[in-house]
Each structure stands twice: as C-alpha cells, then as structure tokens.
>>> print(open('input_12.cif').read())   # mmCIF, N, CA and C atoms
data_upload
loop_
_atom_site.label_atom_id
_atom_site.label_comp_id
_atom_site.auth_asym_id
_atom_site.auth_seq_id
_atom_site.Cartn_x
_atom_site.Cartn_y
_atom_site.Cartn_z
N MET A 1 49.59 26.45 21.49
CA MET A 1 49.45 27.06 20.18
C MET A 1 48.14 26.58 19.55
N ALA A 2 47.36 27.51 19.06
CA ALA A 2 46.06 27.17 18.46
C ALA A 2 46.26 26.54 17.09
N ALA A 3 45.39 25.58 16.80
CA ALA A 3 45.44 24.93 15.49
C ALA A 3 44.97 25.91 14.42
N LYS A 4 45.60 25.85 13.30
CA LYS A 4 45.23 26.73 12.20
C LYS A 4 44.02 26.15 11.48
N ILE A 5 43.00 26.95 11.34
CA ILE A 5 41.78 26.51 10.66
C ILE A 5 41.97 26.72 9.16
N PRO A 6 41.77 25.66 8.37
CA PRO A 6 41.96 25.82 6.93
C PRO A 6 40.93 26.79 6.35
N ALA A 7 41.35 27.50 5.33
CA ALA A 7 40.45 28.44 4.67
C ALA A 7 39.32 27.68 3.97
N GLN A 8 38.16 28.29 3.95
CA GLN A 8 37.03 27.70 3.24
C GLN A 8 37.27 27.80 1.74
N PRO A 9 36.96 26.74 1.00
CA PRO A 9 37.10 26.87 -0.45
C PRO A 9 36.11 27.91 -0.98
N SER A 10 36.48 28.55 -2.07
CA SER A 10 35.60 29.58 -2.61
C SER A 10 34.32 28.98 -3.20
N ALA A 11 34.36 27.71 -3.53
CA ALA A 11 33.18 27.02 -4.05
C ALA A 11 33.02 25.70 -3.29
N PRO A 12 32.53 25.76 -2.04
CA PRO A 12 32.52 24.56 -1.21
C PRO A 12 31.62 23.44 -1.74
N ARG A 13 30.51 23.78 -2.36
CA ARG A 13 29.63 22.72 -2.86
C ARG A 13 30.22 22.06 -4.10
N VAL A 14 30.88 22.85 -4.93
CA VAL A 14 31.57 22.26 -6.09
C VAL A 14 32.69 21.35 -5.60
N ALA A 15 33.43 21.79 -4.60
CA ALA A 15 34.51 20.96 -4.05
C ALA A 15 33.94 19.66 -3.47
N ALA A 16 32.83 19.76 -2.76
CA ALA A 16 32.23 18.57 -2.15
C ALA A 16 31.72 17.60 -3.21
N ILE A 17 31.06 18.10 -4.24
CA ILE A 17 30.52 17.19 -5.26
C ILE A 17 31.64 16.62 -6.11
N THR A 18 32.70 17.37 -6.30
CA THR A 18 33.87 16.85 -7.02
C THR A 18 34.47 15.68 -6.23
N ALA A 19 34.59 15.85 -4.92
CA ALA A 19 35.10 14.77 -4.07
C ALA A 19 34.16 13.57 -4.08
N THR A 20 32.86 13.84 -4.06
CA THR A 20 31.87 12.76 -4.11
C THR A 20 31.99 11.98 -5.41
N ASN A 21 32.03 12.69 -6.52
CA ASN A 21 32.15 12.02 -7.82
C ASN A 21 33.45 11.23 -7.92
N SER A 22 34.53 11.76 -7.38
CA SER A 22 35.81 11.05 -7.39
C SER A 22 35.74 9.77 -6.55
N ALA A 23 35.09 9.85 -5.40
CA ALA A 23 34.95 8.68 -4.54
C ALA A 23 34.09 7.60 -5.20
N ILE A 24 33.03 8.02 -5.87
CA ILE A 24 32.17 7.06 -6.58
C ILE A 24 32.99 6.35 -7.65
N ALA A 25 33.74 7.10 -8.44
CA ALA A 25 34.55 6.52 -9.51
C ALA A 25 35.64 5.61 -8.96
N ALA A 26 36.31 6.05 -7.90
CA ALA A 26 37.42 5.27 -7.34
C ALA A 26 36.97 3.95 -6.72
N SER A 27 35.76 3.92 -6.20
CA SER A 27 35.28 2.71 -5.53
C SER A 27 34.40 1.83 -6.41
N HIS A 28 34.16 2.25 -7.64
CA HIS A 28 33.21 1.52 -8.49
C HIS A 28 33.58 0.06 -8.71
N THR A 29 34.82 -0.22 -9.02
CA THR A 29 35.22 -1.60 -9.31
C THR A 29 34.97 -2.51 -8.11
N LYS A 30 35.24 -2.01 -6.92
CA LYS A 30 35.08 -2.82 -5.72
C LYS A 30 33.63 -2.85 -5.21
N LEU A 31 32.99 -1.70 -5.15
CA LEU A 31 31.67 -1.63 -4.52
C LEU A 31 30.49 -1.76 -5.48
N ARG A 32 30.65 -1.21 -6.68
CA ARG A 32 29.54 -1.17 -7.63
C ARG A 32 28.27 -0.58 -6.98
N ALA A 33 28.46 0.44 -6.17
CA ALA A 33 27.34 1.03 -5.43
C ALA A 33 26.40 1.82 -6.33
N PHE A 34 26.94 2.44 -7.37
CA PHE A 34 26.12 3.24 -8.27
C PHE A 34 25.97 2.52 -9.61
N VAL A 35 24.73 2.46 -10.10
CA VAL A 35 24.49 1.85 -11.41
C VAL A 35 24.49 2.90 -12.51
N ARG A 36 24.21 4.14 -12.14
CA ARG A 36 24.25 5.26 -13.09
C ARG A 36 24.72 6.49 -12.34
N THR A 37 25.57 7.27 -12.98
CA THR A 37 26.02 8.51 -12.35
C THR A 37 25.58 9.70 -13.19
N THR A 38 25.45 10.82 -12.52
CA THR A 38 25.02 12.06 -13.17
C THR A 38 26.08 13.13 -12.89
N THR A 39 27.31 12.81 -13.22
CA THR A 39 28.45 13.65 -12.88
C THR A 39 28.27 15.10 -13.32
N GLU A 40 27.94 15.31 -14.57
CA GLU A 40 27.81 16.69 -15.09
C GLU A 40 26.63 17.42 -14.46
N GLN A 41 25.49 16.75 -14.32
CA GLN A 41 24.33 17.39 -13.71
C GLN A 41 24.61 17.74 -12.25
N ALA A 42 25.28 16.84 -11.54
CA ALA A 42 25.61 17.10 -10.14
C ALA A 42 26.56 18.29 -10.02
N TYR A 43 27.54 18.35 -10.90
CA TYR A 43 28.48 19.47 -10.89
C TYR A 43 27.76 20.79 -11.18
N SER A 44 26.85 20.78 -12.15
CA SER A 44 26.08 22.00 -12.47
C SER A 44 25.21 22.44 -11.29
N ALA A 45 24.60 21.47 -10.62
CA ALA A 45 23.77 21.80 -9.45
C ALA A 45 24.62 22.40 -8.33
N ALA A 46 25.83 21.87 -8.15
CA ALA A 46 26.73 22.40 -7.13
C ALA A 46 27.18 23.82 -7.47
N GLU A 47 27.48 24.06 -8.75
CA GLU A 47 27.84 25.41 -9.18
C GLU A 47 26.70 26.39 -8.91
N ALA A 48 25.47 25.97 -9.22
CA ALA A 48 24.31 26.83 -8.99
C ALA A 48 24.13 27.12 -7.50
N ALA A 49 24.37 26.12 -6.66
CA ALA A 49 24.24 26.31 -5.21
C ALA A 49 25.30 27.29 -4.70
N ASP A 50 26.52 27.15 -5.20
CA ASP A 50 27.58 28.09 -4.80
C ASP A 50 27.27 29.50 -5.29
N THR A 51 26.72 29.63 -6.47
CA THR A 51 26.34 30.95 -7.00
C THR A 51 25.26 31.58 -6.12
N ARG A 52 24.26 30.79 -5.72
CA ARG A 52 23.21 31.32 -4.84
C ARG A 52 23.82 31.82 -3.53
N ALA A 53 24.80 31.09 -3.00
CA ALA A 53 25.45 31.49 -1.75
C ALA A 53 26.19 32.82 -1.93
N VAL A 54 26.89 32.98 -3.04
CA VAL A 54 27.62 34.22 -3.31
C VAL A 54 26.66 35.39 -3.43
N LEU A 55 25.48 35.13 -3.99
CA LEU A 55 24.47 36.18 -4.15
C LEU A 55 23.73 36.49 -2.85
N GLY A 56 24.04 35.74 -1.81
CA GLY A 56 23.40 35.99 -0.51
C GLY A 56 22.04 35.36 -0.34
N ILE A 57 21.69 34.45 -1.24
CA ILE A 57 20.40 33.77 -1.12
C ILE A 57 20.51 32.73 -0.02
N PRO A 58 19.60 32.74 0.94
CA PRO A 58 19.69 31.78 2.05
C PRO A 58 19.67 30.33 1.54
N PRO A 59 20.47 29.48 2.16
CA PRO A 59 20.51 28.09 1.71
C PRO A 59 19.22 27.34 2.05
N ARG A 60 18.89 26.41 1.19
CA ARG A 60 17.75 25.53 1.44
C ARG A 60 18.19 24.45 2.44
N PRO A 61 17.26 23.73 3.03
CA PRO A 61 17.61 22.78 4.11
C PRO A 61 18.68 21.74 3.75
N LEU A 62 18.69 21.25 2.52
CA LEU A 62 19.66 20.23 2.11
C LEU A 62 20.66 20.77 1.09
N GLU A 63 20.87 22.07 1.08
CA GLU A 63 21.70 22.72 0.06
C GLU A 63 23.06 22.06 -0.11
N GLY A 64 23.29 21.51 -1.30
CA GLY A 64 24.58 20.95 -1.64
C GLY A 64 24.85 19.54 -1.14
N LEU A 65 23.90 18.95 -0.44
CA LEU A 65 24.09 17.60 0.11
C LEU A 65 23.90 16.56 -1.00
N ALA A 66 24.89 15.71 -1.20
CA ALA A 66 24.79 14.66 -2.22
C ALA A 66 23.98 13.50 -1.67
N ILE A 67 22.94 13.12 -2.41
CA ILE A 67 22.08 12.00 -2.00
C ILE A 67 21.87 11.09 -3.20
N GLY A 68 22.34 9.85 -3.09
CA GLY A 68 22.13 8.86 -4.13
C GLY A 68 20.69 8.36 -4.08
N ILE A 69 20.13 8.11 -5.23
CA ILE A 69 18.74 7.64 -5.33
C ILE A 69 18.75 6.17 -5.71
N LYS A 70 18.05 5.36 -4.95
CA LYS A 70 17.97 3.92 -5.22
C LYS A 70 17.36 3.70 -6.60
N ASP A 71 17.86 2.72 -7.31
CA ASP A 71 17.41 2.48 -8.69
C ASP A 71 16.03 1.83 -8.78
N ILE A 72 15.19 2.09 -7.82
CA ILE A 72 13.78 1.70 -7.89
C ILE A 72 12.91 2.95 -7.92
N ILE A 73 13.56 4.11 -7.90
CA ILE A 73 12.87 5.40 -7.86
C ILE A 73 13.18 6.17 -9.13
N ASP A 74 12.14 6.74 -9.75
CA ASP A 74 12.33 7.47 -11.00
C ASP A 74 13.06 8.80 -10.79
N VAL A 75 14.04 9.01 -11.65
CA VAL A 75 14.74 10.28 -11.77
C VAL A 75 14.63 10.66 -13.24
N ALA A 76 14.05 11.82 -13.51
CA ALA A 76 13.83 12.25 -14.90
C ALA A 76 15.12 12.14 -15.71
N GLY A 77 15.00 11.53 -16.88
CA GLY A 77 16.14 11.41 -17.78
C GLY A 77 16.98 10.16 -17.58
N LEU A 78 16.70 9.40 -16.52
CA LEU A 78 17.45 8.17 -16.26
C LEU A 78 16.50 6.98 -16.27
N PRO A 79 16.96 5.84 -16.79
CA PRO A 79 16.12 4.64 -16.71
C PRO A 79 16.08 4.14 -15.27
N THR A 80 15.00 3.47 -14.92
CA THR A 80 14.88 2.85 -13.61
C THR A 80 14.93 1.34 -13.82
N GLY A 81 16.08 0.77 -13.55
CA GLY A 81 16.30 -0.65 -13.82
C GLY A 81 15.82 -1.57 -12.73
N ALA A 82 15.63 -1.08 -11.52
CA ALA A 82 15.13 -1.87 -10.39
C ALA A 82 15.94 -3.13 -10.15
N GLY A 83 17.19 -3.14 -10.57
CA GLY A 83 18.05 -4.29 -10.33
C GLY A 83 17.66 -5.53 -11.10
N SER A 84 16.89 -5.37 -12.15
CA SER A 84 16.38 -6.53 -12.87
C SER A 84 16.78 -6.53 -14.34
N LEU A 85 17.13 -7.70 -14.83
CA LEU A 85 17.43 -7.85 -16.25
C LEU A 85 16.18 -7.63 -17.09
N THR A 86 15.00 -7.81 -16.50
CA THR A 86 13.75 -7.61 -17.25
C THR A 86 13.52 -6.15 -17.59
N ARG A 87 14.28 -5.25 -16.99
CA ARG A 87 14.11 -3.82 -17.24
C ARG A 87 15.31 -3.20 -17.94
N LYS A 88 16.13 -4.02 -18.57
CA LYS A 88 17.33 -3.52 -19.26
C LYS A 88 17.01 -2.53 -20.37
N ALA A 89 15.88 -2.70 -21.04
CA ALA A 89 15.54 -1.84 -22.19
C ALA A 89 14.51 -0.77 -21.84
N VAL A 90 14.27 -0.55 -20.58
CA VAL A 90 13.27 0.43 -20.17
C VAL A 90 13.73 1.84 -20.56
N PRO A 91 12.80 2.66 -21.06
CA PRO A 91 13.20 4.04 -21.41
C PRO A 91 13.45 4.88 -20.16
N ALA A 92 14.09 5.99 -20.37
CA ALA A 92 14.36 6.91 -19.26
C ALA A 92 13.04 7.44 -18.69
N ALA A 93 13.04 7.70 -17.41
CA ALA A 93 11.86 8.26 -16.75
C ALA A 93 11.56 9.65 -17.31
N ALA A 94 10.29 9.91 -17.53
CA ALA A 94 9.87 11.21 -18.07
C ALA A 94 9.82 12.28 -16.98
N ALA A 95 9.66 11.86 -15.74
CA ALA A 95 9.53 12.81 -14.63
C ALA A 95 10.16 12.23 -13.37
N ASP A 96 10.46 13.11 -12.44
CA ASP A 96 10.99 12.68 -11.15
C ASP A 96 9.88 12.11 -10.29
N ALA A 97 10.21 11.11 -9.47
CA ALA A 97 9.29 10.64 -8.43
C ALA A 97 9.12 11.78 -7.42
N HIS A 98 8.03 11.73 -6.68
CA HIS A 98 7.73 12.80 -5.73
C HIS A 98 8.89 13.02 -4.74
N VAL A 99 9.47 11.95 -4.24
CA VAL A 99 10.56 12.09 -3.28
C VAL A 99 11.76 12.80 -3.90
N VAL A 100 12.03 12.55 -5.16
CA VAL A 100 13.14 13.23 -5.85
C VAL A 100 12.83 14.71 -6.02
N THR A 101 11.60 15.01 -6.39
CA THR A 101 11.18 16.41 -6.53
C THR A 101 11.38 17.16 -5.21
N ARG A 102 11.01 16.52 -4.12
CA ARG A 102 11.14 17.15 -2.80
C ARG A 102 12.61 17.33 -2.40
N LEU A 103 13.44 16.32 -2.68
CA LEU A 103 14.86 16.42 -2.37
C LEU A 103 15.51 17.55 -3.16
N LEU A 104 15.21 17.63 -4.45
CA LEU A 104 15.78 18.69 -5.28
C LEU A 104 15.31 20.06 -4.83
N ALA A 105 14.04 20.18 -4.47
CA ALA A 105 13.51 21.46 -3.99
C ALA A 105 14.19 21.90 -2.69
N ALA A 106 14.63 20.92 -1.90
CA ALA A 106 15.31 21.22 -0.64
C ALA A 106 16.80 21.48 -0.85
N GLY A 107 17.28 21.37 -2.10
CA GLY A 107 18.67 21.70 -2.40
C GLY A 107 19.61 20.51 -2.53
N ALA A 108 19.10 19.29 -2.41
CA ALA A 108 19.96 18.11 -2.54
C ALA A 108 20.52 18.01 -3.96
N ILE A 109 21.66 17.39 -4.07
CA ILE A 109 22.30 17.14 -5.36
C ILE A 109 22.34 15.62 -5.55
N ILE A 110 21.90 15.16 -6.71
CA ILE A 110 21.83 13.73 -6.98
C ILE A 110 23.03 13.32 -7.84
N PRO A 111 23.99 12.59 -7.24
CA PRO A 111 25.15 12.15 -8.02
C PRO A 111 24.88 10.92 -8.87
N GLY A 112 23.73 10.29 -8.67
CA GLY A 112 23.39 9.13 -9.48
C GLY A 112 22.40 8.22 -8.80
N LYS A 113 22.24 7.04 -9.41
CA LYS A 113 21.32 6.04 -8.89
C LYS A 113 22.10 4.86 -8.34
N THR A 114 21.68 4.41 -7.17
CA THR A 114 22.40 3.35 -6.48
C THR A 114 21.83 1.97 -6.77
N HIS A 115 22.71 1.01 -6.64
CA HIS A 115 22.44 -0.40 -6.89
C HIS A 115 21.32 -0.92 -5.97
N THR A 116 20.59 -1.91 -6.43
CA THR A 116 19.56 -2.55 -5.61
C THR A 116 19.45 -4.02 -5.96
N VAL A 117 18.98 -4.81 -5.02
CA VAL A 117 18.64 -6.20 -5.36
C VAL A 117 17.40 -6.13 -6.25
N GLU A 118 17.11 -7.19 -6.96
CA GLU A 118 16.02 -7.15 -7.93
C GLU A 118 14.71 -6.71 -7.30
N TYR A 119 14.17 -5.63 -7.84
CA TYR A 119 12.92 -5.00 -7.38
C TYR A 119 12.95 -4.68 -5.89
N ALA A 120 14.14 -4.52 -5.34
CA ALA A 120 14.33 -4.21 -3.92
C ALA A 120 13.69 -5.26 -3.02
N PHE A 121 13.60 -6.47 -3.53
CA PHE A 121 12.96 -7.55 -2.80
C PHE A 121 14.03 -8.50 -2.27
N GLY A 122 14.45 -8.27 -1.07
CA GLY A 122 15.47 -9.10 -0.46
C GLY A 122 16.29 -8.28 0.50
N GLY A 123 17.02 -8.96 1.34
CA GLY A 123 17.76 -8.25 2.35
C GLY A 123 19.26 -8.33 2.23
N TRP A 124 19.78 -9.14 1.33
CA TRP A 124 21.21 -9.36 1.27
C TRP A 124 21.96 -8.20 0.64
N GLY A 125 21.49 -7.72 -0.50
CA GLY A 125 22.09 -6.55 -1.12
C GLY A 125 23.09 -6.85 -2.22
N THR A 126 23.29 -8.10 -2.58
CA THR A 126 24.21 -8.43 -3.66
C THR A 126 23.40 -8.83 -4.87
N ASN A 127 23.66 -8.17 -5.98
CA ASN A 127 22.96 -8.48 -7.22
C ASN A 127 23.97 -8.38 -8.35
N LEU A 128 24.57 -9.48 -8.68
CA LEU A 128 25.60 -9.49 -9.72
C LEU A 128 25.02 -9.64 -11.12
N ALA A 129 23.70 -9.81 -11.21
CA ALA A 129 23.06 -10.01 -12.53
C ALA A 129 23.08 -8.76 -13.38
N VAL A 130 23.07 -7.60 -12.75
CA VAL A 130 23.01 -6.35 -13.53
C VAL A 130 24.28 -5.56 -13.38
#
>>> encode(input="input_12.cif", output="structure tokens")
Amino acid sequence: MAAKIPAQPSAPRVAAITATNSAIAASHTKLRAFVRTTTEQAYSAAEAADTRAVLGIPPRPLEGLAIGIKDIIDVAGLPTGAGSLTRKAVPAAAADAHVVTRLLAAGAIIPGKTHTVEYAFGGWGTNLAV
C-alpha cells in the first residue's frame, strides 16, 4: 500500500515561518540563540512570497528560506549590538548591510538577529553578558 502524501498547505511559506517563529520562541529560554526577532516582518515577507507564488511569479533562489543574521551585521531598523555591553544604546541601523540586501533580493526571510560572542571575537560562543 502506497503511503499517503500530505496535501501542501495553501500558504507554505507562511506555515514555514510560523513554525520557525514558534521554534525560536519555544527554545529561547534554553538556547538564547536570537537576541532580536522580527516576527511580524518575517510573517509579512512570507505572505508576500506566497502571494507571488499564487500569481505565478517564478520563485527567487532563496524564496521563503528563513536565515538568521548574526548580530554583528546591520539590518535596517534593528540595533547591532555585536554581543557587547558597550553597544547597548546604539541606535537602529539606517540601512541593511550588503549581505542582507543580497539575501533579501534572493527571497530570504529574516526572522531576527542571532547571538554572538563580543564583537564575534572568540570561538566558544557563550556570552552571558548581554
């Protein structure tokens, strides 16, 4: 007997980003992997990607793929703390870093900024100061 293939969700990118946001929230206390999340922006980007698919617009190379951005890279509208207490009062970035611009142009969805050791200088990966 053949296995039954589950039906595709009508909004697969929204479903995927919803699952991503849920996983980030559920693991936050234990992992603290994300220092800032962009839940609403990510959801809006996923909705837009699903709408493009319904309209028959060919997908971009990274369409709907959730990619966290290390907190040493500027994302417009978010502060870049670089894992340092010296940057606690830094204003939000006015523009995206080039890599973020390229990821967004390729269809990636940014669910937030990920934790880093201070100024990304070190190999251990634990930074309880921030």
>>> resolve_selection(input="input_12.cif", expression="the PyMOL selection byres (((chain A and resi 72 and name CA) around 8) and name CA)", output="PyMOL selection string")
chain A and resi 70-71+73-74+80-83+116+119-120
>>> axis_aligned_box(input="input_12.cif", around="region 11-25 of chain A", padding_each_side="3 Å", output="lines of an AutoDock Vina configuration file")
center_x = 32.7
center_y = 16.7
center_z = -5.4
size_x = 12.2
size_y = 28.1
size_z = 14.3
>>> closest_residue(input="input_12.cif", among="A:Ile67, A:Ala25, A:Leu62, A:Ala76", to="Thr114 (chain A)", atoms="all atoms listed in the file")
A:Ile67
>>> atom_distance(input="input_12.cif", atom1="CA of Pro111 (chain A)", atom2="CA of Arg87 (chain A)")
21.5 Å
>>> closest_residue(input="input_12.cif", among="A:Arg32, A:Val100, A:Ala19, A:Phe121", to="Ile69 (chain A)", atoms="only N, CA and C atoms")
A:Val100
>>> resolve_selection(input="input_12.cif", expression="the PyMOL selection byres ((chain A and resi 34-36) around 6)", output="list of chain:residue names")
A:Leu31, A:Arg32, A:Ala33, A:Thr37, A:Thr38, A:Pro111, A:Gly112, A:Lys113, A:Thr114, A:His115
>>> select_by_dssp(input="input_12.cif", residues="chain A", states="alpha helix (DSSP H)", output="PyMOL selection string")
chain A and resi 12-31+39-54+98-105
>>> select_by_dssp(input="input_12.cif", residues="region 6-68 of chain A", states="strand (DSSP E or B)", output="NGL selection string")
:A and (34-37 or 66)
>>> resolve_selection(input="input_12.cif", expression="the PyMOL selection byres ((chain A and resi 78) around 6)", output="PyMOL selection string")
chain A and resi 75-77+79-80+91-93
>>> atom_distance(input="input_12.cif", atom1="CA of Ala94 (chain A)", atom2="atom C of Ser27 (chain A)")
28.7 Å
>>> atom_distance(input="input_12.cif", atom1="atom N of Asn21 (chain A)", atom2="atom C of Gly123 (chain A)")
26.1 Å
>>> closest_residue(input="input_12.cif", among="A:Ser22, A:Ala11, A:Pro61, A:Ala48", to="Gly107 (chain A)", atoms="only C-alpha atoms")
A:Pro61
>>> closest_residue(input="input_12.cif", among="A:Val90, A:Ile57, A:Leu85, A:Ala66", to="Ile109 (chain A)", atoms="all atoms listed in the file")
A:Ala66
>>> closest_residue(input="input_12.cif", among="A:Ala15, A:Glu63, A:Ile110, A:Val99", to="Gln41 (chain A)", atoms="all atoms listed in the file")
A:Ile110
>>> residues_near_point(input="input_12.cif", point="(29.7, 25.0, -9.9)", cutoff="12 Å", atoms="only C-alpha atoms", output="number ranges by chain")
A: 10-18, 39-54, 64, 109
